[in-house]
$ cat final_22.tsv   # TSV, C-alpha atoms and all ligand atoms
chain	number	residue	atom	x	y	z
A	1	MET	CA	-20.00	11.82	60.77
A	2	ARG	CA	-17.72	9.59	62.86
A	3	ARG	CA	-15.80	10.59	65.97
A	4	PRO	CA	-13.00	8.77	67.85
A	5	PRO	CA	-14.06	5.78	69.97
A	6	PRO	CA	-14.25	6.15	73.76
A	7	ALA	CA	-11.63	4.39	75.91
A	8	ASN	CA	-13.88	1.39	76.20
A	9	ASP	CA	-14.68	0.47	72.62
A	10	LEU	CA	-17.75	-1.58	73.51
A	11	GLY	CA	-19.43	1.43	75.12
A	12	VAL	CA	-20.06	-0.20	78.49
A	13	THR	CA	-22.06	1.57	81.17
A	14	GLU	CA	-21.32	0.34	84.67
A	15	THR	CA	-22.41	1.10	88.21
A	16	ASN	CA	-19.78	1.33	90.90
A	17	PRO	CA	-21.17	0.08	94.18
A	18	PRO	CA	-20.52	2.06	97.36
A	19	SER	CA	-18.27	0.49	99.97
A	20	GLN	CA	-20.63	-0.28	102.79
A	21	PRO	CA	-21.56	-3.28	104.93
A	22	ARG	CA	-23.23	-6.05	103.02
A	23	ARG	CA	-26.85	-6.08	104.06
A	24	TYR	CA	-28.58	-8.65	101.92
A	25	GLN	CA	-26.48	-11.73	102.17
A	26	ARG	CA	-28.60	-13.95	104.32
A	27	GLN	CA	-27.72	-17.00	102.25
A	28	MET	CA	-24.65	-17.42	104.43
A	29	LEU	CA	-27.09	-18.89	106.97
A	30	LEU	CA	-27.47	-21.79	104.56
A	31	PRO	CA	-24.88	-24.43	105.39
A	32	GLU	CA	-24.67	-25.13	101.63
A	33	ILE	CA	-23.31	-21.59	101.05
A	34	GLY	CA	-21.85	-20.43	104.39
A	35	VAL	CA	-19.65	-17.43	105.02
A	36	GLU	CA	-16.91	-18.71	102.73
A	37	GLY	CA	-19.35	-19.39	99.86
A	38	GLN	CA	-20.90	-15.93	100.24
A	39	SER	CA	-17.51	-14.31	100.20
A	40	ARG	CA	-16.60	-16.23	97.04
A	41	LEU	CA	-19.84	-15.01	95.42
A	42	ALA	CA	-18.92	-11.43	96.30
A	43	ARG	CA	-15.56	-11.80	94.52
A	44	ALA	CA	-17.02	-13.45	91.41
A	45	HIS	CA	-17.71	-12.02	87.96
A	46	ALA	CA	-20.56	-13.46	85.87
A	47	LEU	CA	-20.99	-12.81	82.14
A	48	ILE	CA	-24.63	-13.03	81.05
A	49	VAL	CA	-25.01	-13.21	77.29
A	50	GLY	CA	-28.52	-12.30	76.16
A	51	VAL	CA	-30.85	-10.40	78.47
A	52	GLY	CA	-34.13	-11.83	77.25
A	53	ALA	CA	-36.35	-14.08	79.32
A	54	LEU	CA	-33.59	-16.44	80.55
A	55	GLY	CA	-31.08	-13.65	81.08
A	56	CYS	CA	-33.53	-11.48	83.07
A	57	THR	CA	-34.36	-14.23	85.54
A	58	SER	CA	-30.78	-15.46	85.93
A	59	ALA	CA	-29.39	-11.92	86.29
A	60	ASP	CA	-32.00	-11.15	88.94
A	61	TRP	CA	-31.10	-14.25	90.99
A	62	LEU	CA	-27.34	-13.72	90.69
A	63	CYS	CA	-27.66	-10.05	91.64
A	64	ARG	CA	-29.82	-10.85	94.68
A	65	ALA	CA	-27.39	-13.63	95.61
A	66	GLY	CA	-24.63	-11.04	95.89
A	67	VAL	CA	-22.42	-12.00	92.92
A	68	GLY	CA	-19.91	-9.14	93.08
A	69	ARG	CA	-19.80	-8.21	89.43
A	70	ILE	CA	-22.23	-8.94	86.60
A	71	THR	CA	-21.70	-8.01	82.95
A	72	LEU	CA	-24.84	-8.05	80.81
A	73	VAL	CA	-24.62	-8.20	77.02
A	74	ASP	CA	-27.55	-7.89	74.64
A	75	ARG	CA	-28.06	-6.53	71.13
A	76	ASP	CA	-31.75	-5.62	71.27
A	77	VAL	CA	-34.13	-3.04	72.78
A	78	VAL	CA	-37.11	-3.66	75.08
A	79	GLU	CA	-40.41	-4.23	73.23
A	80	PHE	CA	-43.94	-4.56	74.60
A	81	THR	CA	-44.06	-8.16	73.32
A	82	ASN	CA	-41.19	-9.04	75.71
A	83	LEU	CA	-43.02	-8.13	78.89
A	84	HIS	CA	-44.88	-11.41	79.52
A	85	ARG	CA	-41.61	-13.23	80.09
A	86	GLN	CA	-38.73	-10.75	80.56
A	87	THR	CA	-39.12	-9.94	84.23
A	88	LEU	CA	-36.69	-7.04	84.64
A	89	PHE	CA	-38.51	-4.76	82.20
A	90	THR	CA	-41.52	-2.45	82.42
A	91	GLU	CA	-43.87	-0.74	79.99
A	92	SER	CA	-41.90	2.48	80.32
A	93	ASP	CA	-38.72	0.66	79.19
A	94	ALA	CA	-40.63	-0.59	76.12
A	95	ARG	CA	-42.16	2.82	75.43
A	96	ALA	CA	-38.71	4.43	75.54
A	97	GLY	CA	-37.12	1.59	73.54
A	98	ILE	CA	-34.22	1.28	76.00
A	99	PRO	CA	-31.57	-1.35	75.15
A	100	LYS	CA	-32.25	-4.48	77.20
A	101	ALA	CA	-28.77	-4.62	78.76
A	102	GLU	CA	-29.09	-1.01	79.94
A	103	ALA	CA	-32.68	-1.38	81.20
A	104	ALA	CA	-31.62	-4.49	83.14
A	105	ARG	CA	-28.57	-2.69	84.56
A	106	ARG	CA	-30.75	0.16	85.87
A	107	ARG	CA	-33.22	-2.27	87.42
A	108	LEU	CA	-30.48	-4.39	89.06
A	109	ALA	CA	-28.81	-1.29	90.49
A	110	GLU	CA	-32.06	-0.77	92.41
A	111	VAL	CA	-32.25	-4.42	93.42
A	112	ASN	CA	-28.79	-4.62	94.98
A	113	SER	CA	-26.60	-1.52	94.99
A	114	GLU	CA	-23.66	-3.58	96.29
A	115	VAL	CA	-23.25	-5.36	92.97
A	116	ARG	CA	-21.21	-3.83	90.15
A	117	VAL	CA	-23.36	-4.29	87.07
A	118	GLY	CA	-22.14	-3.48	83.57
A	119	ALA	CA	-24.23	-3.22	80.39
A	120	VAL	CA	-22.84	-3.77	76.90
A	121	VAL	CA	-25.10	-3.22	73.89
A	122	CYS	CA	-23.64	-5.30	71.08
A	123	ASP	CA	-23.99	-8.43	69.00
A	124	VAL	CA	-21.96	-11.29	70.47
A	125	ASN	CA	-19.90	-12.81	67.68
A	126	SER	CA	-16.35	-13.98	67.05
A	127	ALA	CA	-15.19	-10.35	66.68
A	128	THR	CA	-16.78	-8.95	69.84
A	129	LEU	CA	-16.13	-11.91	72.20
A	130	PRO	CA	-12.36	-11.25	72.46
A	131	ARG	CA	-13.14	-7.59	73.25
A	132	LEU	CA	-15.56	-8.72	75.96
A	133	ARG	CA	-12.84	-10.99	77.29
A	134	ALA	CA	-10.53	-8.00	77.61
A	135	MET	CA	-13.24	-6.31	79.66
A	136	GLY	CA	-13.51	-9.31	81.94
A	137	SER	CA	-9.85	-9.09	82.86
A	138	GLY	CA	-9.84	-5.28	83.02
A	139	GLY	CA	-9.81	-3.07	86.07
A	140	THR	CA	-7.24	-3.13	88.82
A	141	PRO	CA	-4.86	-6.10	89.16
A	142	ALA	CA	-6.96	-7.36	92.06
A	143	GLU	CA	-9.96	-7.48	89.75
A	144	ALA	CA	-8.10	-9.12	86.90
A	145	THR	CA	-9.92	-12.39	87.35
A	146	GLY	CA	-11.76	-12.54	84.03
A	147	PHE	CA	-15.16	-14.20	83.95
A	148	ASP	CA	-15.88	-16.92	86.49
A	149	VAL	CA	-18.97	-18.18	84.72
A	150	ILE	CA	-20.83	-17.62	81.44
A	151	VAL	CA	-24.61	-17.70	81.71
A	152	ASP	CA	-26.44	-18.47	78.47
A	153	GLY	CA	-29.41	-16.21	77.83
A	154	THR	CA	-29.27	-16.49	74.05
A	155	ASP	CA	-32.01	-17.59	71.69
A	156	ASN	CA	-30.01	-19.16	68.87
A	157	TYR	CA	-27.70	-22.12	68.30
A	158	GLU	CA	-24.98	-20.19	66.50
A	159	THR	CA	-24.25	-18.02	69.55
A	160	ARG	CA	-24.46	-21.02	71.91
A	161	TYR	CA	-21.83	-22.96	69.94
A	162	LEU	CA	-19.69	-19.83	69.92
A	163	LEU	CA	-19.99	-19.47	73.71
A	164	ASN	CA	-19.24	-23.18	74.13
A	165	ASP	CA	-16.05	-22.76	72.07
A	166	PHE	CA	-15.04	-19.73	74.12
A	167	ALA	CA	-15.79	-21.44	77.45
A	168	VAL	CA	-13.80	-24.57	76.58
A	169	ARG	CA	-10.83	-22.65	75.17
A	170	GLU	CA	-10.65	-20.19	78.08
A	171	GLY	CA	-11.55	-22.69	80.79
A	172	ILE	CA	-14.69	-20.90	82.02
A	173	PRO	CA	-17.76	-22.83	83.22
A	174	TYR	CA	-20.72	-22.33	80.89
A	175	CYS	CA	-24.34	-22.68	82.04
A	176	TYR	CA	-26.32	-23.54	78.92
A	177	ALA	CA	-30.10	-23.17	78.85
A	178	GLY	CA	-32.76	-23.01	76.18
A	179	VAL	CA	-36.54	-22.70	76.19
A	180	VAL	CA	-39.08	-22.83	73.41
A	181	GLY	CA	-42.83	-23.27	73.70
A	182	VAL	CA	-43.48	-25.15	76.95
A	183	SER	CA	-40.19	-27.12	76.92
A	184	GLY	CA	-36.76	-26.27	78.21
A	185	ALA	CA	-33.32	-27.75	78.78
A	186	ALA	CA	-30.22	-26.87	80.77
A	187	ALA	CA	-26.71	-28.26	81.24
A	188	THR	CA	-23.53	-26.96	82.81
A	189	VAL	CA	-20.20	-27.32	81.00
A	190	LEU	CA	-17.14	-27.62	83.24
A	191	PRO	CA	-14.19	-27.41	80.82
A	192	GLU	CA	-11.09	-29.52	81.32
A	193	LYS	CA	-8.80	-26.54	82.05
A	194	TRP	CA	-11.11	-25.32	84.82
A	195	ALA	CA	-11.92	-28.76	86.24
A	196	THR	CA	-8.31	-29.97	86.40
A	197	ALA	CA	-7.26	-26.89	88.36
A	198	ARG	CA	-9.92	-27.76	90.95
A	199	ALA	CA	-9.38	-31.52	91.11
A	200	GLN	CA	-12.73	-32.15	89.39
A	201	SER	CA	-13.40	-34.19	86.29
A	202	PRO	CA	-14.58	-32.19	83.25
A	203	THR	CA	-18.11	-32.55	81.87
A	204	PRO	CA	-19.01	-33.03	78.22
A	205	CYS	CA	-19.26	-29.78	76.28
A	206	ILE	CA	-22.30	-28.78	74.24
A	207	ARG	CA	-20.77	-30.25	71.07
A	208	CYS	CA	-20.28	-33.61	72.82
A	209	LEU	CA	-24.04	-33.59	73.47
A	210	PHE	CA	-25.17	-31.97	70.18
A	211	PRO	CA	-22.30	-32.33	67.68
A	212	GLU	CA	-23.88	-30.31	64.86
A	213	MET	CA	-26.26	-27.35	64.70
A	214	PRO	CA	-29.81	-28.38	63.82
A	215	ALA	CA	-30.67	-27.72	60.17
A	216	PRO	CA	-32.52	-24.43	59.64
A	217	GLY	CA	-36.25	-24.95	59.97
A	218	SER	CA	-35.92	-28.37	61.64
A	219	MET	CA	-36.51	-27.13	65.18
A	220	PRO	CA	-39.30	-25.01	66.63
A	221	THR	CA	-38.21	-21.46	67.47
A	222	CYS	CA	-39.82	-18.77	69.60
A	223	ASP	CA	-41.12	-17.37	66.28
A	224	THR	CA	-42.99	-20.55	65.44
A	225	ALA	CA	-43.83	-21.86	68.91
A	226	GLY	CA	-43.91	-18.86	71.29
A	227	VAL	CA	-42.61	-19.09	74.85
A	228	LEU	CA	-44.45	-19.67	78.13
A	229	GLY	CA	-43.18	-17.16	80.70
A	230	PRO	CA	-43.05	-19.33	83.85
A	231	MET	CA	-41.31	-22.08	81.86
A	232	VAL	CA	-38.40	-19.75	81.26
A	233	GLY	CA	-38.42	-18.84	84.94
A	234	LEU	CA	-38.16	-22.50	85.88
A	235	VAL	CA	-35.25	-23.25	83.54
A	236	ALA	CA	-33.43	-20.00	84.36
A	237	SER	CA	-33.78	-20.70	88.08
A	238	TRP	CA	-32.19	-24.11	87.58
A	239	GLN	CA	-29.46	-22.46	85.49
A	240	SER	CA	-28.73	-19.75	88.08
A	241	MET	CA	-28.66	-22.35	90.87
A	242	GLU	CA	-25.92	-24.19	88.98
A	243	ALA	CA	-24.07	-20.89	88.44
A	244	ILE	CA	-24.27	-20.17	92.19
A	245	LYS	CA	-22.73	-23.60	92.90
A	246	VAL	CA	-19.89	-22.85	90.50
A	247	LEU	CA	-19.27	-19.39	91.96
A	248	SER	CA	-19.64	-20.28	95.64
A	249	GLY	CA	-17.17	-23.15	95.42
A	250	ALA	CA	-19.68	-26.04	95.65
A	251	HIS	CA	-18.06	-27.56	92.58
A	252	GLU	CA	-18.80	-31.18	93.39
A	253	ARG	CA	-22.51	-30.30	93.63
A	254	VAL	CA	-22.81	-29.09	90.02
A	255	HIS	CA	-25.26	-31.47	88.28
A	256	ARG	CA	-23.67	-33.56	85.58
A	257	VAL	CA	-26.88	-33.94	83.64
A	258	LEU	CA	-28.83	-32.62	80.70
A	259	ALA	CA	-31.99	-31.46	82.46
A	260	ARG	CA	-35.17	-31.43	80.38
A	261	PHE	CA	-38.42	-29.87	81.51
A	262	GLU	CA	-41.89	-30.23	79.95
A	263	ALA	CA	-44.05	-27.68	81.73
A	264	TRP	CA	-47.45	-28.58	80.33
A	265	THR	CA	-47.26	-32.33	80.94
A	266	GLY	CA	-45.17	-32.01	84.10
A	267	GLY	CA	-42.29	-34.09	82.78
A	268	VAL	CA	-38.83	-33.60	84.26
A	269	MET	CA	-35.98	-35.71	82.92
A	270	LEU	CA	-32.38	-35.66	84.13
A	271	VAL	CA	-30.16	-37.40	81.59
A	272	ASP	CA	-26.88	-38.48	83.19
A	273	THR	CA	-24.02	-37.05	81.11
A	274	SER	CA	-21.14	-38.12	83.37
A	275	SER	CA	-19.85	-40.52	80.70
A	276	ALA	CA	-20.98	-38.52	77.65
A	277	ARG	CA	-17.67	-36.71	77.09
A	278	ASP	CA	-16.54	-37.57	73.55
A	279	PRO	CA	-12.74	-37.79	73.09
A	280	GLU	CA	-13.35	-37.17	69.37
A	281	CYS	CA	-15.46	-34.04	70.02
A	282	VAL	CA	-14.37	-31.31	67.59
A	283	CYS	CA	-14.29	-28.71	70.36
A	284	CYS	CA	-13.25	-30.20	73.74
A	285	GLY	CA	-11.64	-33.36	72.32
A	286	ARG	CA	-9.66	-32.09	69.32
A	287	GLY	CA	-9.42	-28.46	70.38
A	288	ARG	CA	-10.79	-26.96	67.17
A	289	TYR	CA	-12.87	-23.87	67.87
A	290	GLU	CA	-14.77	-23.64	64.62
A	291	PHE	CA	-17.28	-21.01	65.73
A	292	LEU	CA	-14.72	-18.84	67.46
A	293	ASP	CA	-12.26	-18.98	64.56
A	294	ARG	CA	-14.90	-18.20	61.95
A	295	PRO	CA	-14.76	-14.52	60.86
A	296	ALA	CA	-17.79	-12.53	62.03
A	297	GLY	CA	-18.24	-11.04	58.56
A	298	ASP	CA	-21.05	-8.70	57.66
A	299	GLY	CA	-24.44	-10.12	57.97
A	300	VAL	CA	-28.11	-9.96	58.55
A	301	ALA	CA	-29.85	-12.07	61.15
A	302	THR	CA	-33.55	-12.59	61.74
A	303	LEU	CA	-34.27	-11.98	65.42
A	304	CYS	CA	-36.28	-14.74	67.05
A	305	GLY	CA	-39.82	-13.85	68.12
A	306	ARG	CA	-39.36	-10.27	67.03
A	307	ASN	CA	-40.49	-9.74	63.38
A	308	ALA	CA	-37.23	-7.88	62.93
A	309	VAL	CA	-33.90	-8.24	61.18
A	310	GLN	CA	-30.50	-7.19	62.52
A	311	VAL	CA	-28.06	-5.64	60.05
A	312	LEU	CA	-24.45	-5.93	61.14
A	313	PRO	CA	-21.99	-3.94	59.00
A	314	SER	CA	-18.62	-5.57	58.46
A	315	ALA	CA	-16.41	-2.58	59.18
A	316	SER	CA	-16.34	-1.78	62.88
A	317	GLY	CA	-14.95	1.73	62.76
A	318	ALA	CA	-15.35	4.59	65.20
A	319	PRO	CA	-18.79	4.99	66.83
A	320	LEU	CA	-21.47	6.77	64.82
A	321	ASP	CA	-22.41	10.32	65.71
A	322	LEU	CA	-26.00	9.54	66.69
A	323	GLY	CA	-27.01	13.22	66.84
A	324	ALA	CA	-25.90	13.87	63.26
A	325	LEU	CA	-27.57	10.69	62.01
A	326	GLY	CA	-30.81	11.66	63.77
A	327	GLU	CA	-30.76	15.05	62.07
A	328	ARG	CA	-30.18	13.45	58.67
A	329	LEU	CA	-33.11	11.06	59.10
A	330	ARG	CA	-35.63	13.76	60.00
A	331	GLY	CA	-36.89	13.87	56.41
A	332	VAL	CA	-37.96	10.20	56.33
A	333	GLY	CA	-40.06	9.87	59.47
A	334	SER	CA	-40.38	10.62	63.17
A	335	VAL	CA	-36.98	10.43	64.83
A	336	GLU	CA	-36.00	9.86	68.44
A	337	THR	CA	-32.37	10.16	69.52
A	338	THR	CA	-31.05	8.95	72.90
A	339	ALA	CA	-27.57	8.32	74.29
A	340	PHE	CA	-27.87	4.71	73.12
A	341	LEU	CA	-29.60	4.81	69.76
A	342	VAL	CA	-31.46	6.60	67.00
A	343	ARG	CA	-34.93	5.30	66.27
A	344	VAL	CA	-36.92	6.36	63.23
A	345	ARG	CA	-40.42	5.28	62.19
A	346	LEU	CA	-40.27	5.26	58.40
A	347	ASP	CA	-43.36	7.02	57.04
A	348	GLY	CA	-43.34	5.68	53.51
A	349	GLU	CA	-42.64	1.99	54.23
A	350	ARG	CA	-45.25	-0.74	54.52
A	351	ALA	CA	-44.46	-3.38	57.17
A	352	ASP	CA	-44.17	-7.09	56.30
A	353	VAL	CA	-45.66	-7.75	59.74
A	354	GLY	CA	-47.18	-5.38	62.30
A	355	GLU	CA	-47.92	-1.69	62.20
A	356	GLY	CA	-44.94	-0.01	60.62
A	357	VAL	CA	-41.27	-0.17	59.83
A	358	VAL	CA	-38.96	1.11	62.56
A	359	LEU	CA	-35.22	1.44	62.09
A	360	THR	CA	-33.07	1.46	65.26
A	361	VAL	CA	-29.39	2.33	64.82
A	362	PHE	CA	-26.74	1.85	67.55
A	363	PRO	CA	-23.38	3.63	67.96
A	364	ASP	CA	-21.51	0.63	66.49
A	365	ALA	CA	-23.47	1.18	63.22
A	366	ARG	CA	-25.47	-1.99	63.86
A	367	ALA	CA	-29.19	-1.66	63.17
A	368	ILE	CA	-32.43	-3.48	63.90
A	369	VAL	CA	-35.17	-3.15	61.30
A	370	SER	CA	-38.55	-3.96	62.91
A	371	GLY	CA	-41.64	-4.83	60.91
A	372	VAL	CA	-39.46	-6.37	58.22
A	373	THR	CA	-38.87	-10.11	57.94
A	374	ASN	CA	-37.04	-10.23	54.61
A	375	PRO	CA	-33.26	-9.93	55.19
A	376	ASP	CA	-32.64	-8.47	51.70
A	377	ARG	CA	-35.22	-5.75	52.28
A	378	ALA	CA	-33.65	-4.95	55.66
A	379	ARG	CA	-30.20	-4.71	54.10
A	380	ALA	CA	-31.52	-2.42	51.34
A	381	LEU	CA	-33.32	-0.15	53.83
A	382	TYR	CA	-30.15	0.08	55.90
A	383	ALA	CA	-28.09	1.04	52.85
A	384	ARG	CA	-30.57	3.78	51.95
A	385	MET	CA	-30.95	5.23	55.42
A	386	VAL	CA	-27.56	4.78	57.09
A	387	GLY	CA	-25.22	4.13	54.19
A	388	ALA	CA	-23.51	1.00	52.93
B	401	ZN	ZN	-17.02	-31.66	73.63
$ encode --input "final_22.tsv" --output "structure tokens"
Amino acid sequence: MRRPPPANDLGVTETNPPSQPRRYQRQMLLPEIGVEGQSRLARAHALIVGVGALGCTSADWLCRAGVGRITLVDRDVVEFTNLHRQTLFTESDARAGIPKAEAARRRLAEVNSEVRVGAVVCDVNSATLPRLRAMGSGGTPAEATGFDVIVDGTDNYETRYLLNDFAVREGIPYCYAGVVGVSGAAATVLPEKWATARAQSPTPCIRCLFPEMPAPGSMPTCDTAGVLGPMVGLVASWQSMEAIKVLSGAHERVHRVLARFEAWTGGVMLVDTSSARDPECVCCGRGRYEFLDRPAGDGVATLCGRNAVQVLPSASGAPLDLGALGERLRGVGSVETTAFLVRVRLDGERADVGEGVVLTVFPDARAIVSGVTNPDRARALYARMVGA
């Protein structure tokens, strides 16, 4: 059933741009960017975690801006319900159930062929982040620069705190953003290690600003509140502007604020965070990386706004043989097998929400169970269909 893993164990697909004159980079006319800034952008590598609404808009801007290399990471597939806010995707992507990272990679390759865009379909957790890090510093010695910025396109606090830990420990600027309903917020973290090397002062990290995760159920989520498409565009544009400052060398221009936007009422609030750095902060003050050091474990996670549950098996062995799995599942419903996944609509299962239960299994044995909202039921279905 299992075969040996490929050389790259995260199964990345990547475009290699042709060497040709750079045609699109008219930003160098802007004195704020200039020739030097544009050339810095072309040498930079951005990691975009989560290719939902925020990630689509930010990836689009960074690709058009001529950021030399972009790595996109997302765990989910394109759905019709994404299309009102996730601007890189089309109905045909949703119909085919293409993984978001891969659909975005294909789209961006058409937007700017001079950018090297990589797609990784995986859950970002404390086990996969170090493997992503190895990817960032891969390639030829000249390319061994790692990530120059982390752009937050996630939809949950757990992953944000994890990225904050990673950014502070590794000394990589982190552009946080979040949107729910008609409200959004953004802030850029310049870690001490990064700032000191560039004669800048560090900013507070996310745990200086929000020391603890909000209690479950205490905050609105995109499940309970929905998301207004243009609101995400606004916040992601702010976020990508800050990333462009970081990458083009305009370090002193990075806003040291927590920006809050209220689209419906028109409120914009910039909270000065220049003195908000907490020397007692668990992460940037005391150097304890609680989210990064926590084992990933096996788990189920309810996916925000999706009526679906992700099942993440604990053992990360060799990739699944998707063809063989597809054949095995033929008896339980209509099966579709692609290079990226096996998708089966389960005939005999009644959905908790929506029109049916669909099981999507990826090569890393991770699965998304759509139409199911109960984590125990998702885990049980997974055990029956894929194996424990
Ligand atoms: Zn901190």
$ axis_aligned_box --input "final_22.tsv" --around "segment 59-73 of chain A" --padding-each-side "8 Å" --output "lines of an AutoDock Vina configuration file"
center_x = -25.9
center_y = -11.1
center_z = 86.5
size_x = 28.2
size_y = 22.2
size_z = 34.9
$ residues_near_ligand --input "final_22.tsv" --ligand "ligand ZN 401 (chain B)" --cutoff "12 Å" --atoms "all atoms listed in the file" --output "JSON, numbers by chain"
{"A": [161, 164, 165, 167, 168, 169, 189, 190, 191, 192, 202, 203, 204, 205, 206, 207, 208, 209, 210, 211, 212, 273, 275, 276, 277, 278, 279, 280, 281, 282, 283, 284, 285, 286, 287, 288, 289]}
$ write_last_selection --input "final_22.tsv" --atoms "C-alpha atoms" --output "compact mmCIF listing (two decimals), in the coordinates of the input"
# COMPACT_ATOMS: atom_id res chain seq x y z
CA TYR A 161 -21.83 -22.96 69.94
CA ASN A 164 -19.24 -23.18 74.13
CA ASP A 165 -16.05 -22.76 72.07
CA ALA A 167 -15.79 -21.44 77.45
CA VAL A 168 -13.80 -24.57 76.58
CA ARG A 169 -10.83 -22.65 75.17
CA VAL A 189 -20.20 -27.32 81.00
CA LEU A 190 -17.14 -27.62 83.24
CA PRO A 191 -14.19 -27.41 80.82
CA GLU A 192 -11.09 -29.52 81.32
CA PRO A 202 -14.58 -32.19 83.25
CA THR A 203 -18.11 -32.55 81.87
CA PRO A 204 -19.01 -33.03 78.22
CA CYS A 205 -19.26 -29.78 76.28
CA ILE A 206 -22.30 -28.78 74.24
CA ARG A 207 -20.77 -30.25 71.07
CA CYS A 208 -20.28 -33.61 72.82
CA LEU A 209 -24.04 -33.59 73.47
CA PHE A 210 -25.17 -31.97 70.18
CA PRO A 211 -22.30 -32.33 67.68
CA GLU A 212 -23.88 -30.31 64.86
CA THR A 273 -24.02 -37.05 81.11
CA SER A 275 -19.85 -40.52 80.70
CA ALA A 276 -20.98 -38.52 77.65
CA ARG A 277 -17.67 -36.71 77.09
CA ASP A 278 -16.54 -37.57 73.55
CA PRO A 279 -12.74 -37.79 73.09
CA GLU A 280 -13.35 -37.17 69.37
CA CYS A 281 -15.46 -34.04 70.02
CA VAL A 282 -14.37 -31.31 67.59
CA CYS A 283 -14.29 -28.71 70.36
CA CYS A 284 -13.25 -30.20 73.74
CA GLY A 285 -11.64 -33.36 72.32
CA ARG A 286 -9.66 -32.09 69.32
CA GLY A 287 -9.42 -28.46 70.38
CA ARG A 288 -10.79 -26.96 67.17
CA TYR A 289 -12.87 -23.87 67.87
$ residues_near_point --input "final_22.tsv" --point "(-25.6, -8.7, 64.9)" --cutoff "9 Å" --atoms "all atoms listed in the file" --output "JSON, numbers by chain"
{"A": [75, 122, 123, 124, 125, 298, 299, 300, 301, 310, 311, 312, 313, 366, 367, 368]}
$ write_last_selection --input "final_22.tsv" --atoms "C-alpha atoms" --output "PDB file, in the frame of the given file"
ATOM      1  CA  ARG A  75     -28.060  -6.530  71.130  1.00  0.00           C
ATOM      2  CA  CYS A 122     -23.640  -5.300  71.080  1.00  0.00           C
ATOM      3  CA  ASP A 123     -23.990  -8.430  69.000  1.00  0.00           C
ATOM      4  CA  VAL A 124     -21.960 -11.290  70.470  1.00  0.00           C
ATOM      5  CA  ASN A 125     -19.900 -12.810  67.680  1.00  0.00           C
ATOM      6  CA  ASP A 298     -21.050  -8.700  57.660  1.00  0.00           C
ATOM      7  CA  GLY A 299     -24.440 -10.120  57.970  1.00  0.00           C
ATOM      8  CA  VAL A 300     -28.110  -9.960  58.550  1.00  0.00           C
ATOM      9  CA  ALA A 301     -29.850 -12.070  61.150  1.00  0.00           C
ATOM     10  CA  GLN A 310     -30.500  -7.190  62.520  1.00  0.00           C
ATOM     11  CA  VAL A 311     -28.060  -5.640  60.050  1.00  0.00           C
ATOM     12  CA  LEU A 312     -24.450  -5.930  61.140  1.00  0.00           C
ATOM     13  CA  PRO A 313     -21.990  -3.940  59.000  1.00  0.00           C
ATOM     14  CA  ARG A 366     -25.470  -1.990  63.860  1.00  0.00           C
ATOM     15  CA  ALA A 367     -29.190  -1.660  63.170  1.00  0.00           C
ATOM     16  CA  ILE A 368     -32.430  -3.480  63.900  1.00  0.00           C
TER      17      ILE A 368
END
$ residues_around --input "final_22.tsv" --residues "segment 63-71 of chain A" --least-positions-apart "5" --cutoff "9 Å" --atoms "only C-alpha atoms" --output "PyMOL selection string"
chain A and resi 14+22+24-27+38-49+58+101+105+108-109+111-112+114-120+136+244+247
$ write_last_selection --input "final_22.tsv" --atoms "C-alpha atoms" --output "short mmCIF file (atom, residue, chain, number, x, y, z; two decimals), keeping the file's coordinate frame"
data_model
loop_
_atom_site.label_atom_id
_atom_site.label_comp_id
_atom_site.auth_asym_id
_atom_site.auth_seq_id
_atom_site.Cartn_x
_atom_site.Cartn_y
_atom_site.Cartn_z
CA GLU A 14 -21.32 0.34 84.67
CA ARG A 22 -23.23 -6.05 103.02
CA TYR A 24 -28.58 -8.65 101.92
CA GLN A 25 -26.48 -11.73 102.17
CA ARG A 26 -28.60 -13.95 104.32
CA GLN A 27 -27.72 -17.00 102.25
CA GLN A 38 -20.90 -15.93 100.24
CA SER A 39 -17.51 -14.31 100.20
CA ARG A 40 -16.60 -16.23 97.04
CA LEU A 41 -19.84 -15.01 95.42
CA ALA A 42 -18.92 -11.43 96.30
CA ARG A 43 -15.56 -11.80 94.52
CA ALA A 44 -17.02 -13.45 91.41
CA HIS A 45 -17.71 -12.02 87.96
CA ALA A 46 -20.56 -13.46 85.87
CA LEU A 47 -20.99 -12.81 82.14
CA ILE A 48 -24.63 -13.03 81.05
CA VAL A 49 -25.01 -13.21 77.29
CA SER A 58 -30.78 -15.46 85.93
CA ALA A 101 -28.77 -4.62 78.76
CA ARG A 105 -28.57 -2.69 84.56
CA LEU A 108 -30.48 -4.39 89.06
CA ALA A 109 -28.81 -1.29 90.49
CA VAL A 111 -32.25 -4.42 93.42
CA ASN A 112 -28.79 -4.62 94.98
CA GLU A 114 -23.66 -3.58 96.29
CA VAL A 115 -23.25 -5.36 92.97
CA ARG A 116 -21.21 -3.83 90.15
CA VAL A 117 -23.36 -4.29 87.07
CA GLY A 118 -22.14 -3.48 83.57
CA ALA A 119 -24.23 -3.22 80.39
CA VAL A 120 -22.84 -3.77 76.90
CA GLY A 136 -13.51 -9.31 81.94
CA ILE A 244 -24.27 -20.17 92.19
CA LEU A 247 -19.27 -19.39 91.96
#
$ residues_around --input "final_22.tsv" --residues "segment 226-242 of chain A" --least-positions-apart "4" --cutoff "10 Å" --atoms "all atoms listed in the file" --output "MDAnalysis selection string"
chainID A and resid 52:62 65 82:87 151:153 174:188 220:222 246:248 250:251 253:255 259:264 304:305
$ residues_near_point --input "final_22.tsv" --point "(-25.3, 4.0, 55.8)" --cutoff "12 Å" --atoms "all atoms listed in the file" --output "list of chain:residue names"
A:Met1, A:Arg2, A:Val311, A:Leu312, A:Pro313, A:Ser314, A:Ala315, A:Leu320, A:Leu325, A:Arg328, A:Leu329, A:Val361, A:Asp364, A:Ala365, A:Arg366, A:Ala367, A:Arg379, A:Ala380, A:Leu381, A:Tyr382, A:Ala383, A:Arg384, A:Met385, A:Val386, A:Gly387, A:Ala388
